[in-house]
Amino acid sequence: MNLTRYVDTAFANPKLLIGGLGLAIIAAIALAAPLLPLQDPLDQSLFAQNLPPFWLPGHDASYLLGTDSLGRDLLSRLVWGARPVLIVMVLGAALSGVVGVIVGLVSGYLGGGSDAVLSRIIEVFMAFPPMLLAIVLVAVVGPGLYAVVISIALIGWTRFARVVRAEVLVLREQDFITAAHLLGYRWFRILFQELLPNIIPMVLALLALEMGRAIVVEAILAFIGFSTSDMATWGGILADGRNYIYQAWWIMTLPIFAITLSVLTLSLLADGLRLALDPVIRR
Amino acid sequence: MSKALLQVSDLGVEIGTGKHATRILRGVNLEIKPGEIRGLVGESGGGKTMVGKAITGLLPSSAVVSSGRILFQEQNLLELPAKNRRLLLGTKIAMILQQPSTALNPVLRIENQITDVLTRRLGYDRKSARDYALELLSMVHIRAPERVLRQYPHELSGGMCQRVVIAIAFAGKPSLIVADEPTTALDVTVQFEILKLIKELQAKTGTAVLFVTHDLGVVAKICDVVSVIFAGRILEQGRTEDVIGRPAHPYTQALIAASPRLDRPDAGLQPVPGELTASLWNDAVASDLEQSHA
Amino acid sequence: MLEAINVSIALPDRSQKSLFGRAPLLKIIQNVDLTVQRGKVVGIVGESGSGKSTIGRSLLGLYRPVTGKVMLEGKDLASLSKEELREARFKIQMIFQDSQSSLNPRRKIIDILADPFVANGRASRSDARNKALALLERVGMRPAHGDRYPHQLSGGQRQRIGIARAIALEPSYIVADEIVSGLDVSVQAQVLALLRQLRAENSLGMVFISHDLSVVRTLCDDVVVMQHGRVVEAGECTRVFNDPRNDYTKKLLRAVPLPVVEKDWLDESRRCDSEAVTELPSAVAAMR
């Protein structure tokens with residue numbers, strides 16, 4: 001495959017292109033934060049509280065997107081806030097994915113008693129209000145990024161498990177699996193060579209969606225003060241801004257904008273992946 | 001000889017546009033006289049289904065008619081406004097599809113499926129529509145029409161569903177019915193019954209039928225005249241006994257030789273020579289090039 | 001010899017399953033006898049719901065009979081341990097109706113054909129590749145086809161791959177379930193010619209399941225006619241087709257449209273009687 005063909009493919013699937021670029025930008029910003037010429041996101045200044053962003057009257061040129069109630073630079077906080085987002089979304093989605101895919105594969109492939117037990121466990125987890133689960137967890141292990149990651153995985157794995165199980169149930173009945181049994185293939189070959197490649201595209205799409213969800217969950221937990229307090233987080237900015245919504249609306253608006261844009265990007269990526277990886281739709 | 005009911009001339013259909021366009025039909029000529037059953041026989045990819053879709057106006061949105069006319073009762077269907085064309089379908093032109101189960105709406109009772117057509121298309125009121133629906137079901141020899149009216153499609157066998165579809169097709173006393181592989185999905189004994197039913201109703205009402213199929217056996221039993229299609233072109237047409245009994249075109253001969261024969265187990269199953277189909281495709285593509293240069 | 005002796009199969013009826021507990025069993029086939037010798041082709045004909053596919057799959061040990069047994073060269077399949085059954089199955093393979101779903105959509109043709117050798121330790125990766133290429137050639141395809149994915153082949157080509165995979169481990173018997181029903185007559189003729197050739201080369205015993213009586217007539221030595229899960233008539237093809245004794249067999253044969261013009265074929269008078277057009281009893285309908 002040569003370069004022009006890659007370019008053609010990319011433009012034939014704009015969702016994948018935009019989604020992929022978006023994710024790359026979020027990751028780049030998060031990783032490059034220490035290298036950028038920004039103020040310290042935790043530096044407070046009592047002389048520069050609630051300053052507006054550059055396009056509004058009364059702004060200060062050294063604070064491009066304004067400041068919050070403690071005079072901290074919002075641009076810097078948004079950029080640094082992408083770091084916990086990146087950690088949470090990658091670890092949270094990956095952990096959910098690994099657990100969910102294994103449970104789904106086993107449950108769908110084995111069927112019978114083990115499937116019944118695993119399915120009931122999935123249902124119990126799904127019946128639990130996710131936020132309550134997260135709050136209980138934080139109460140036990142204490143606030144912090146890893147508590148957030150675990151609570152995302154505790155809720156997220158059920159989605160993977162359910163979808164993967166349903167897919168395996170369908171695939172299991174296909175003739176190529178029967179053929180594999182007749183040809184004497186053993187279970188690991190059937191599971192990892194015949195079944196797994198057929199569910200990977202769907203898992204990738206789910207991962208992208210789950211990353212979007214992770215961002216939202218992190219923001220909510222940060223908003224109620226259950227995430228890390230050592231770093232700037234988008235949810236933390238939101239929580240600060242809430243008290244000044246009438247005097248300084250931009251404090252709350254900017255992180256909402258960042259969250260929405262990131263989640264949208266990941267939804268596009270999920271859609272694009274689904275299209276790109278389908279061997280029949282793709283030509 | 002009576003005048004043609006339907007006259008398709010030089011019909012060309014392409015899928016896609018510009019340099020990605022693929023020709024599906026290449027100047028198809030086809031004539032159907034009132035009250036006759038015209039077979040259109042060919043293998044998959046030959047374009048036989050597309051002819052039926054062009055006549056009924058149900059071409060997929062990616063398909064474009066690039067040339068030709070479809071005269072139906074001396075009216076060019078291709079020039080008719082879309083709305084008028086839709087009105088024609090279900091009244092003067094009706095369809096019978098291959099999969100009766102998908103032709104019917106799975107969540108509606110049979111009664112509603114039939115009366116909907118009758119009230120919306122044919123101007124019946126609700127009361128008389130139900131009476132006519134019962135009459136239609138007895139016409140297609142359904143024994144317990146009252147009960148069938150209350151049932152859903154999944155509660156009926158494939159053959160029964162196809163009877164209902166046929167009843168709906170004949171409801172508006174159409175002049176032409178396009179039947180696309182109407183018995184392909186059915187068991188052979190059910191196929192026999194359905195063929196018999198189509199022939200009987202056709203003879204009774206004088207409706208003309210375009211019978212699209214891949215099965216030469218079915219053609220031999222039900223069609224008066226037949227056209228053989230390959231690569232979007234009609235290769236041979238004529239009276240069924242001539243085309244089947246004394247095929248003139250090598251492709252028709254090969255097709256007959258390839259069909260398994262219940263009556264002569266030693267004959268049949270001769271693979272169609274690859275050179276023959278290749279040369280036919282080459283001809284077809286050559287004619288495309290000629291046309292694009294002209 | 002591959003035999004089914006008095007085999008009945010019942011499968012769980014999922015539509016009747018209650019919230020708790022198991023689904024009730026529904027008898028699909030009852031007391032079926034069948035014998036396949038090496039080098040012979042036995043046809044199973046019947047209409048949808050006749051149980052012809054079920055008997056085919058039970059010959060492969062995919063269903064456990066509730067009565068009777070399936071014997072492969074004198075051994076009862078049900079008496080074998082899991083590992084023994086795995087070994088025994090190398091002797092019986094299957095070709096499927098739906099060539100699309102019978103091939104893993106995410107594996108290249110060459111891998112699909114090499115896997116049987118690798119998975120069973122019969123060849124190294126590179127050796128298996130050569131064997132796969134040889135298989136491609138045997139079924140009349142080019143080496144270049146090996147680099148394609150199943151959806152990039154035509155239906156007839158995919159069916160050839162299905163056949164190639166079935167003969168990979170050099171089985172003694174093959175069950176072919178409606179393998180030409182989706183194909184055009186010209187392609188069908190090619191696939192059947194290939195099947196005939198392989199049978200002669202390897203003296204394969206074959207079970208050929210089909211709804212198409214004409215194909216069975218041209219290909220098979222013996223035929224079994226099934227209706228509603230039971231065998232209604234069995235015997236040599238010539239005898240059954242020339243001199244059918246069972247009423248259902250007669251009815252089936254009459255209903256096949258031959259490519260011969262016959263004006264009165266559809267005439268009522270020539271039929272023994274016109275079928276009462278009512279629905280089947282629900283028990284039979286449920287078998288579909």
# chains A, B, ... in the order shown; residues from 1 in each chain; ligands from 1

call {"tool": "select_by_dssp", "arguments": {"residues": "range 33-235 of chain C", "states": "strand (DSSP E or B)", "output": "count of residues only"}}
result
44

call {"tool": "interface_residues", "arguments": {"of": "chain C", "to": "chain B", "cutoff": "7 Å", "atoms": "only C-alpha atoms", "output": "compact mmCIF listing (two decimals) with C-alpha atoms, in the first residue's frame"}}
result
# COMPACT_ATOMS: atom_id res chain seq x y z
CA GLU C 47 -38.38 -30.10 1.61
CA SER C 48 -37.66 -27.49 4.25
CA ASP C 184 -26.14 -20.27 -10.93
CA VAL C 185 -26.54 -23.36 -13.09
CA SER C 186 -23.27 -22.79 -14.93
CA ALA C 189 -22.24 -27.57 -12.99
CA GLN C 190 -18.58 -26.67 -12.36
CA LEU C 213 -34.07 -33.66 -7.17
CA SER C 214 -32.50 -33.14 -10.57
CA VAL C 215 -29.06 -32.58 -9.09
CA ARG C 217 -30.51 -37.71 -9.78
CA THR C 218 -27.39 -36.84 -11.78
CA LEU C 252 -42.15 -34.55 -5.27
CA ALA C 255 -43.60 -31.20 -9.05
CA VAL C 256 -40.13 -30.80 -10.56
CA PRO C 257 -40.37 -28.59 -13.64
CA LEU C 258 -38.25 -30.11 -16.39
CA PRO C 259 -36.89 -27.80 -19.06
CA VAL C 260 -39.28 -29.35 -21.56
CA VAL C 261 -42.33 -27.53 -22.84
CA GLU C 262 -45.45 -29.33 -21.75
CA LYS C 263 -48.64 -27.34 -22.13
CA TRP C 265 -48.17 -29.77 -17.00
CA LEU C 266 -50.02 -27.44 -14.66
CA VAL C 277 -54.57 -25.26 0.95
CA THR C 278 -54.65 -25.03 4.68

call {"tool": "closest_atom_pairs", "arguments": {"of": "chain A", "to": "chain C", "cutoff": "9 Å", "atoms": "only C-alpha atoms", "output": "Markdown table"}}
result
| residue | atom | partner | partner_atom | distance |
| --- | --- | --- | --- | --- |
| A:Gln174 | CA | C:Ser101 | CA | 5.8 |
| A:Asp175 | CA | C:Ser102 | CA | 4.3 |
| A:Phe176 | CA | C:Ser102 | CA | 4.0 |
| A:Ile177 | CA | C:Ser102 | CA | 7.7 |
| A:Thr178 | CA | C:Ser102 | CA | 8.1 |
| A:Ala179 | CA | C:Ser102 | CA | 7.0 |
| A:Ala180 | CA | C:Pro116 | CA | 8.4 |
| A:His181 | CA | C:Arg86 | CA | 8.2 |
| A:Leu182 | CA | C:Arg89 | CA | 6.0 |
| A:Leu183 | CA | C:Pro116 | CA | 6.1 |
| A:Gly184 | CA | C:Arg86 | CA | 5.5 |
| A:Tyr185 | CA | C:Ala119 | CA | 5.9 |
| A:Arg186 | CA | C:Ala119 | CA | 7.8 |
| A:Arg189 | CA | C:Ala119 | CA | 7.9 |
| A:Gln193 | CA | C:Arg107 | CA | 8.9 |
| A:Glu194 | CA | C:Asn104 | CA | 6.7 |
| A:Leu195 | CA | C:Asn104 | CA | 8.7 |
| A:Pro197 | CA | C:Arg106 | CA | 6.6 |
| A:Asn198 | CA | C:Arg106 | CA | 6.6 |
| A:Pro279 | CA | C:Arg106 | CA | 7.3 |
| A:Val280 | CA | C:His151 | CA | 6.6 |

call {"tool": "residues_around", "arguments": {"residues": "Ala284 in chain B", "least_positions_apart": "6", "cutoff": "9 Å", "atoms": "only C-alpha atoms", "output": "PyMOL selection string"}}
result
chain B and resi 26+231-233

call {"tool": "write_last_selection", "arguments": {"atoms": "N, CA and C atoms", "output": "PDB file, in the first residue's frame"}}
result
ATOM      1  N   ARG B  26     -27.687  -3.015 -21.304  1.00  0.00           N
ATOM      2  CA  ARG B  26     -27.094  -2.441 -22.513  1.00  0.00           C
ATOM      3  C   ARG B  26     -28.083  -2.568 -23.656  1.00  0.00           C
ATOM      4  N   ALA B 231     -25.241 -10.398 -19.474  1.00  0.00           N
ATOM      5  CA  ALA B 231     -24.424  -9.179 -19.527  1.00  0.00           C
ATOM      6  C   ALA B 231     -25.250  -7.962 -19.943  1.00  0.00           C
ATOM      7  N   GLY B 232     -26.490  -7.930 -19.493  1.00  0.00           N
ATOM      8  CA  GLY B 232     -27.326  -6.762 -19.770  1.00  0.00           C
ATOM      9  C   GLY B 232     -27.837  -6.675 -21.180  1.00  0.00           C
ATOM     10  N   ARG B 233     -27.735  -7.774 -21.935  1.00  0.00           N
ATOM     11  CA  ARG B 233     -28.261  -7.759 -23.291  1.00  0.00           C
ATOM     12  C   ARG B 233     -29.164  -8.958 -23.520  1.00  0.00           C
TER      13      ARG B 233
END

call {"tool": "residues_around", "arguments": {"residues": "Trp250 in chain A", "least_positions_apart": "4", "cutoff": "10 Å", "atoms": "only C-alpha atoms", "output": "PDB file with N, CA and C atoms, in the first residue's frame"}}
result
ATOM      1  N   ASN A  50     -10.736  36.500  38.494  1.00  0.00           N
ATOM      2  CA  ASN A  50     -11.854  36.534  37.549  1.00  0.00           C
ATOM      3  C   ASN A  50     -11.632  37.463  36.363  1.00  0.00           C
ATOM      4  N   LEU A  51     -10.424  37.419  35.780  1.00  0.00           N
ATOM      5  CA  LEU A  51     -10.171  38.233  34.590  1.00  0.00           C
ATOM      6  C   LEU A  51     -10.824  37.572  33.378  1.00  0.00           C
ATOM      7  N   PRO A  52     -11.398  38.360  32.460  1.00  0.00           N
ATOM      8  CA  PRO A  52     -12.047  37.781  31.275  1.00  0.00           C
ATOM      9  C   PRO A  52     -11.020  37.373  30.221  1.00  0.00           C
ATOM     10  N   PRO A  53     -11.433  36.528  29.275  1.00  0.00           N
ATOM     11  CA  PRO A  53     -10.538  36.140  28.171  1.00  0.00           C
ATOM     12  C   PRO A  53     -10.312  37.301  27.212  1.00  0.00           C
ATOM     13  N   LEU A  65      -6.768  33.414  28.320  1.00  0.00           N
ATOM     14  CA  LEU A  65      -8.166  32.998  28.463  1.00  0.00           C
ATOM     15  C   LEU A  65      -8.734  33.449  29.815  1.00  0.00           C
ATOM     16  N   GLY A  66      -8.075  34.409  30.454  1.00  0.00           N
ATOM     17  CA  GLY A  66      -8.583  34.926  31.721  1.00  0.00           C
ATOM     18  C   GLY A  66      -8.113  34.109  32.911  1.00  0.00           C
ATOM     19  N   THR A  67      -8.672  34.441  34.077  1.00  0.00           N
ATOM     20  CA  THR A  67      -8.276  33.748  35.312  1.00  0.00           C
ATOM     21  C   THR A  67      -9.499  33.333  36.097  1.00  0.00           C
ATOM     22  N   ASP A  68      -9.298  32.465  37.083  1.00  0.00           N
ATOM     23  CA  ASP A  68     -10.420  32.061  37.935  1.00  0.00           C
ATOM     24  C   ASP A  68     -10.447  32.898  39.214  1.00  0.00           C
ATOM     25  N   LEU A  74      -6.350  30.459  33.349  1.00  0.00           N
ATOM     26  CA  LEU A  74      -7.286  29.434  32.852  1.00  0.00           C
ATOM     27  C   LEU A  74      -6.714  28.628  31.693  1.00  0.00           C
ATOM     28  N   LEU A 238     -14.620  23.579  36.622  1.00  0.00           N
ATOM     29  CA  LEU A 238     -16.076  23.704  36.609  1.00  0.00           C
ATOM     30  C   LEU A 238     -16.596  24.015  38.008  1.00  0.00           C
ATOM     31  N   GLY A 241     -15.796  27.490  39.081  1.00  0.00           N
ATOM     32  CA  GLY A 241     -16.515  28.513  38.330  1.00  0.00           C
ATOM     33  C   GLY A 241     -17.976  28.640  38.712  1.00  0.00           C
ATOM     34  N   TYR A 244     -19.167  31.609  40.570  1.00  0.00           N
ATOM     35  CA  TYR A 244     -19.020  32.941  39.949  1.00  0.00           C
ATOM     36  C   TYR A 244     -19.708  33.003  38.596  1.00  0.00           C
ATOM     37  N   ILE A 245     -20.711  32.125  38.428  1.00  0.00           N
ATOM     38  CA  ILE A 245     -21.321  32.008  37.110  1.00  0.00           C
ATOM     39  C   ILE A 245     -21.878  33.349  36.613  1.00  0.00           C
ATOM     40  N   TYR A 246     -22.356  34.223  37.535  1.00  0.00           N
ATOM     41  CA  TYR A 246     -22.927  35.504  37.099  1.00  0.00           C
ATOM     42  C   TYR A 246     -21.852  36.549  36.834  1.00  0.00           C
ATOM     43  N   LEU A 254     -15.510  27.507  29.580  1.00  0.00           N
ATOM     44  CA  LEU A 254     -14.334  26.976  28.894  1.00  0.00           C
ATOM     45  C   LEU A 254     -14.146  25.463  29.107  1.00  0.00           C
ATOM     46  N   PRO A 255     -14.182  24.954  30.362  1.00  0.00           N
ATOM     47  CA  PRO A 255     -14.024  23.502  30.523  1.00  0.00           C
ATOM     48  C   PRO A 255     -15.176  22.704  29.915  1.00  0.00           C
ATOM     49  N   ILE A 256     -16.397  23.260  29.979  1.00  0.00           N
ATOM     50  CA  ILE A 256     -17.537  22.556  29.354  1.00  0.00           C
ATOM     51  C   ILE A 256     -17.259  22.383  27.868  1.00  0.00           C
TER      52      ILE A 256
END

call {"tool": "residues_around", "arguments": {"residues": "Gly12 in chain B", "least_positions_apart": "2", "cutoff": "6 Å", "atoms": "only C-alpha atoms", "output": "PyMOL selection string"}}
result
chain B and resi 25-27+65-67

call {"tool": "residues_around", "arguments": {"residues": "Phe72 in chain B", "least_positions_apart": "5", "cutoff": "9 Å", "atoms": "only C-alpha atoms", "output": "list in words"}}
result
Ala4, Leu5, Leu6, Gln7, Val8, Ile55 and Leu77 of chain B

call {"tool": "write_last_selection", "arguments": {"atoms": "C-alpha atoms", "output": "compact mmCIF listing (two decimals), in the first residue's frame"}}
result
# COMPACT_ATOMS: atom_id res chain seq x y z
CA ALA B 4 -47.95 -4.46 -27.29
CA LEU B 5 -48.99 -3.65 -23.73
CA LEU B 6 -45.43 -2.91 -22.73
CA GLN B 7 -42.61 -2.06 -25.03
CA VAL B 8 -39.13 -1.64 -23.65
CA ILE B 55 -40.38 -1.17 -15.36
CA LEU B 77 -42.99 5.57 -18.08

call {"tool": "residues_around", "arguments": {"residues": "Leu88 in chain B", "least_positions_apart": "6", "cutoff": "10 Å", "atoms": "only C-alpha atoms", "output": "list in words"}}
result
Thr56, Gly57, Leu77, Ala82, Ala94, Arg121 and Pro174 of chain B

call {"tool": "write_last_selection", "arguments": {"atoms": "C-alpha atoms", "output": "CSV table (one decimal), in the first residue's frame"}}
result
chain,number,residue,atom,x,y,z
B,56,THR,CA,-41.9,-0.8,-11.9
B,57,GLY,CA,-39.8,2.3,-11.2
B,77,LEU,CA,-43.0,5.6,-18.1
B,82,ALA,CA,-42.5,10.4,-10.1
B,94,ALA,CA,-48.2,-4.9,-9.7
B,121,ARG,CA,-54.8,2.8,-3.7
B,174,PRO,CA,-53.6,-4.8,-13.1

call {"tool": "decode", "arguments": {"residues": "range 49-77 of chain C", "atoms": "N, CA and C atoms", "output": "CSV table (one decimal), in the first residue's frame"}}
result
chain,number,residue,atom,x,y,z
C,49,GLY,N,-37.7,-28.3,6.5
C,49,GLY,CA,-38.3,-28.8,7.7
C,49,GLY,C,-38.4,-30.3,7.7
C,50,SER,N,-37.8,-31.0,6.7
C,50,SER,CA,-37.9,-32.4,6.6
C,50,SER,C,-36.8,-33.1,7.5
C,51,GLY,N,-35.9,-32.3,8.0
C,51,GLY,CA,-34.8,-32.8,8.9
C,51,GLY,C,-33.6,-33.3,8.2
C,52,LYS,N,-33.5,-33.0,6.9
C,52,LYS,CA,-32.4,-33.5,6.1
C,52,LYS,C,-31.0,-32.9,6.5
C,53,SER,N,-31.0,-31.6,6.9
C,53,SER,CA,-29.8,-31.1,7.4
C,53,SER,C,-29.4,-31.6,8.8
C,54,THR,N,-30.4,-31.9,9.6
C,54,THR,CA,-30.1,-32.4,11.0
C,54,THR,C,-29.5,-33.8,10.9
C,55,ILE,N,-30.0,-34.6,10.0
C,55,ILE,CA,-29.4,-36.0,9.9
C,55,ILE,C,-27.9,-35.8,9.4
C,56,GLY,N,-27.7,-34.9,8.5
C,56,GLY,CA,-26.3,-34.7,8.0
C,56,GLY,C,-25.4,-34.3,9.1
C,57,ARG,N,-25.8,-33.4,10.0
C,57,ARG,CA,-25.0,-32.9,11.1
C,57,ARG,C,-24.8,-34.0,12.1
C,58,SER,N,-25.8,-34.8,12.3
C,58,SER,CA,-25.6,-35.9,13.3
C,58,SER,C,-24.6,-36.9,12.9
C,59,LEU,N,-24.4,-37.0,11.6
C,59,LEU,CA,-23.4,-38.0,11.1
C,59,LEU,C,-22.0,-37.5,11.4
C,60,LEU,N,-21.9,-36.2,11.7
C,60,LEU,CA,-20.6,-35.6,12.1
C,60,LEU,C,-20.4,-35.6,13.6
C,61,GLY,N,-21.4,-36.1,14.3
C,61,GLY,CA,-21.3,-36.1,15.7
C,61,GLY,C,-21.6,-34.8,16.3
C,62,LEU,N,-22.3,-33.9,15.6
C,62,LEU,CA,-22.6,-32.6,16.1
C,62,LEU,C,-23.8,-32.6,17.0
C,63,TYR,N,-24.7,-33.6,16.8
C,63,TYR,CA,-25.8,-33.8,17.7
C,63,TYR,C,-25.7,-35.2,18.3
C,64,ARG,N,-26.1,-35.3,19.5
C,64,ARG,CA,-26.1,-36.6,20.2
C,64,ARG,C,-27.5,-37.2,20.0
C,65,PRO,N,-27.6,-38.4,19.4
C,65,PRO,CA,-28.9,-39.0,19.1
C,65,PRO,C,-29.6,-39.4,20.5
C,66,VAL,N,-31.0,-39.2,20.5
C,66,VAL,CA,-31.7,-39.7,21.7
C,66,VAL,C,-32.0,-41.2,21.6
C,67,THR,N,-32.1,-41.6,20.4
C,67,THR,CA,-32.1,-43.1,20.2
C,67,THR,C,-31.2,-43.4,19.0
C,68,GLY,N,-30.8,-44.7,19.0
C,68,GLY,CA,-29.9,-45.1,17.9
C,68,GLY,C,-28.5,-44.6,18.0
C,69,LYS,N,-27.7,-44.9,16.9
C,69,LYS,CA,-26.3,-44.5,17.0
C,69,LYS,C,-25.8,-44.2,15.6
C,70,VAL,N,-24.7,-43.4,15.6
C,70,VAL,CA,-24.0,-43.2,14.4
C,70,VAL,C,-22.7,-43.9,14.5
C,71,MET,N,-22.4,-44.8,13.5
C,71,MET,CA,-21.3,-45.7,13.5
C,71,MET,C,-20.3,-45.3,12.4
C,72,LEU,N,-19.0,-45.0,12.8
C,72,LEU,CA,-18.0,-44.7,11.8
C,72,LEU,C,-17.0,-45.9,11.8
C,73,GLU,N,-17.0,-46.6,10.7
C,73,GLU,CA,-16.1,-47.8,10.6
C,73,GLU,C,-16.2,-48.7,11.8
C,74,GLY,N,-17.5,-48.9,12.2
C,74,GLY,CA,-17.7,-49.9,13.3
C,74,GLY,C,-17.7,-49.3,14.7
C,75,LYS,N,-17.3,-48.0,14.8
C,75,LYS,CA,-17.3,-47.4,16.2
C,75,LYS,C,-18.4,-46.4,16.4
C,76,ASP,N,-19.1,-46.5,17.5
C,76,ASP,CA,-20.2,-45.7,17.8
C,76,ASP,C,-19.6,-44.3,18.2
C,77,LEU,N,-20.0,-43.2,17.5
C,77,LEU,CA,-19.5,-41.9,17.8
C,77,LEU,C,-19.8,-41.5,19.2
